[in-house]
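Peer 1: Have a look at the structure that comes next, please.
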Amino acid sequence: MKLYFIKLKFDRLMRVLSQASYSGSALGRRLIGTALAAAPELAYSAAEVIFPLIVASVLADASIPFDFDTLSGALPCATDLEEILMVTAADCVIHTGQKISQASHKYINCEKWHSNGIGHFVKVLSWWDKAKRQLHG
């Protein structure tokens, strides 16, 4: 019985990795967005090449046969990666905004002169989380 469920999971994995185009889950997109946010200098075109190589490496280490062209099609392209990162960034901004709005104490340090045409550029933003008794920022 256990082998049957392992086979089902393996078949699902192979089905996902052989799709013609990327259709990731919400969690999968969030994980990719987090990876992209961790390397802001990484170009989408480079990430489009790196992600399939990483997945291929894991499959090769597990001795699971794969077709690299098919695998590349099943993973996000540069356009998908850009959209995923924008959604992740928006989620982070919304989440941070909610945390700040709930905070009882907030501290903002702004530039006093026009920097690149912005007369109130925020340099430092921090807030006190009363529930966790922690400073964030």
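Ordering of the structure tokens sets the chain letters (A, B, ...), residue numbers begin anew at 1 in every chain, and ligands are numbered from 1 in the order given.
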Do you know which residues are at most 12 Å from Ser101 of chain A counting only C-alpha atoms, after dropping those on the same chain fewer than 5 positions away, and could you put them as a compact mmCIF listing (two decimals) with all heavy atoms, in the first residue's frame?
Peer 2:
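Result file follows (out.txt):
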# COMPACT_ATOMS: atom_id res chain seq x y z
N VAL A 93 4.35 44.04 0.93
CA VAL A 93 3.95 45.42 1.27
C VAL A 93 2.64 45.41 2.05
O VAL A 93 2.50 46.10 3.07
CB VAL A 93 3.84 46.29 0.00
CG1 VAL A 93 3.16 47.61 0.29
CG2 VAL A 93 5.21 46.51 -0.61
N ILE A 94 1.68 44.62 1.61
CA ILE A 94 0.39 44.54 2.30
C ILE A 94 0.57 43.98 3.71
O ILE A 94 0.03 44.52 4.68
CB ILE A 94 -0.61 43.68 1.49
CG1 ILE A 94 -1.01 44.42 0.21
CG2 ILE A 94 -1.85 43.33 2.32
CD1 ILE A 94 -1.74 43.56 -0.80
N HIS A 95 1.35 42.91 3.83
CA HIS A 95 1.59 42.30 5.14
C HIS A 95 2.29 43.28 6.08
O HIS A 95 1.90 43.43 7.24
CB HIS A 95 2.43 41.03 4.97
CG HIS A 95 2.78 40.36 6.25
ND1 HIS A 95 1.87 39.64 6.98
CD2 HIS A 95 3.95 40.32 6.95
CE1 HIS A 95 2.45 39.19 8.08
NE2 HIS A 95 3.72 39.57 8.07
N THR A 96 3.32 43.96 5.58
CA THR A 96 4.04 44.93 6.40
C THR A 96 3.13 46.09 6.79
O THR A 96 3.16 46.55 7.93
CB THR A 96 5.29 45.45 5.65
OG1 THR A 96 6.11 44.33 5.32
CG2 THR A 96 6.07 46.42 6.50
N LYS A 106 5.39 53.80 16.35
CA LYS A 106 6.06 53.78 15.04
C LYS A 106 7.13 54.85 15.02
O LYS A 106 6.98 55.89 15.65
CB LYS A 106 5.04 54.04 13.93
CG LYS A 106 3.89 53.06 13.90
CD LYS A 106 2.74 53.62 13.08
CE LYS A 106 1.53 52.74 13.14
NZ LYS A 106 0.63 52.98 14.23
N SER A 126 10.57 51.77 11.58
CA SER A 126 10.52 50.69 12.57
C SER A 126 9.25 50.81 13.38
O SER A 126 8.64 51.87 13.46
CB SER A 126 11.77 50.70 13.46
OG SER A 126 11.88 51.94 14.12
N TRP A 127 8.85 49.71 13.98
CA TRP A 127 7.65 49.70 14.79
C TRP A 127 7.77 48.66 15.88
O TRP A 127 8.54 47.71 15.78
CB TRP A 127 6.40 49.46 13.94
CG TRP A 127 6.36 48.13 13.26
CD1 TRP A 127 5.74 46.99 13.69
CD2 TRP A 127 6.98 47.78 12.02
NE1 TRP A 127 5.93 45.97 12.81
CE2 TRP A 127 6.70 46.42 11.77
CE3 TRP A 127 7.77 48.47 11.10
CZ2 TRP A 127 7.15 45.76 10.64
CZ3 TRP A 127 8.22 47.81 9.98
CH2 TRP A 127 7.91 46.47 9.75
N TRP A 128 6.99 48.85 16.95
CA TRP A 128 7.02 47.97 18.11
C TRP A 128 5.83 47.02 18.02
O TRP A 128 4.69 47.43 17.93
CB TRP A 128 6.96 48.78 19.40
CG TRP A 128 6.94 47.93 20.63
CD1 TRP A 128 5.88 47.68 21.43
CD2 TRP A 128 8.04 47.20 21.18
NE1 TRP A 128 6.24 46.85 22.46
CE2 TRP A 128 7.56 46.53 22.33
CE3 TRP A 128 9.37 47.05 20.84
CZ2 TRP A 128 8.37 45.73 23.13
CZ3 TRP A 128 10.18 46.26 21.62
CH2 TRP A 128 9.68 45.61 22.76
N ASP A 129 6.12 45.71 18.05
CA ASP A 129 5.09 44.68 18.06
C ASP A 129 4.80 44.35 19.52
O ASP A 129 5.60 43.70 20.19
CB ASP A 129 5.58 43.44 17.31
CG ASP A 129 4.51 42.38 17.18
OD1 ASP A 129 3.55 42.37 17.98
OD2 ASP A 129 4.63 41.56 16.25
Peer 1: Compile the contact shell of segment 52-64 of chain A as an NGL selection string: residues with an atom at most 12 Å away, counting only C-alpha atoms, same-chain residues fewer than 5 positions apart removed.
Peer 2: :A and (10-11 or 13-14 or 17 or 22 or 45-47 or 69-77)
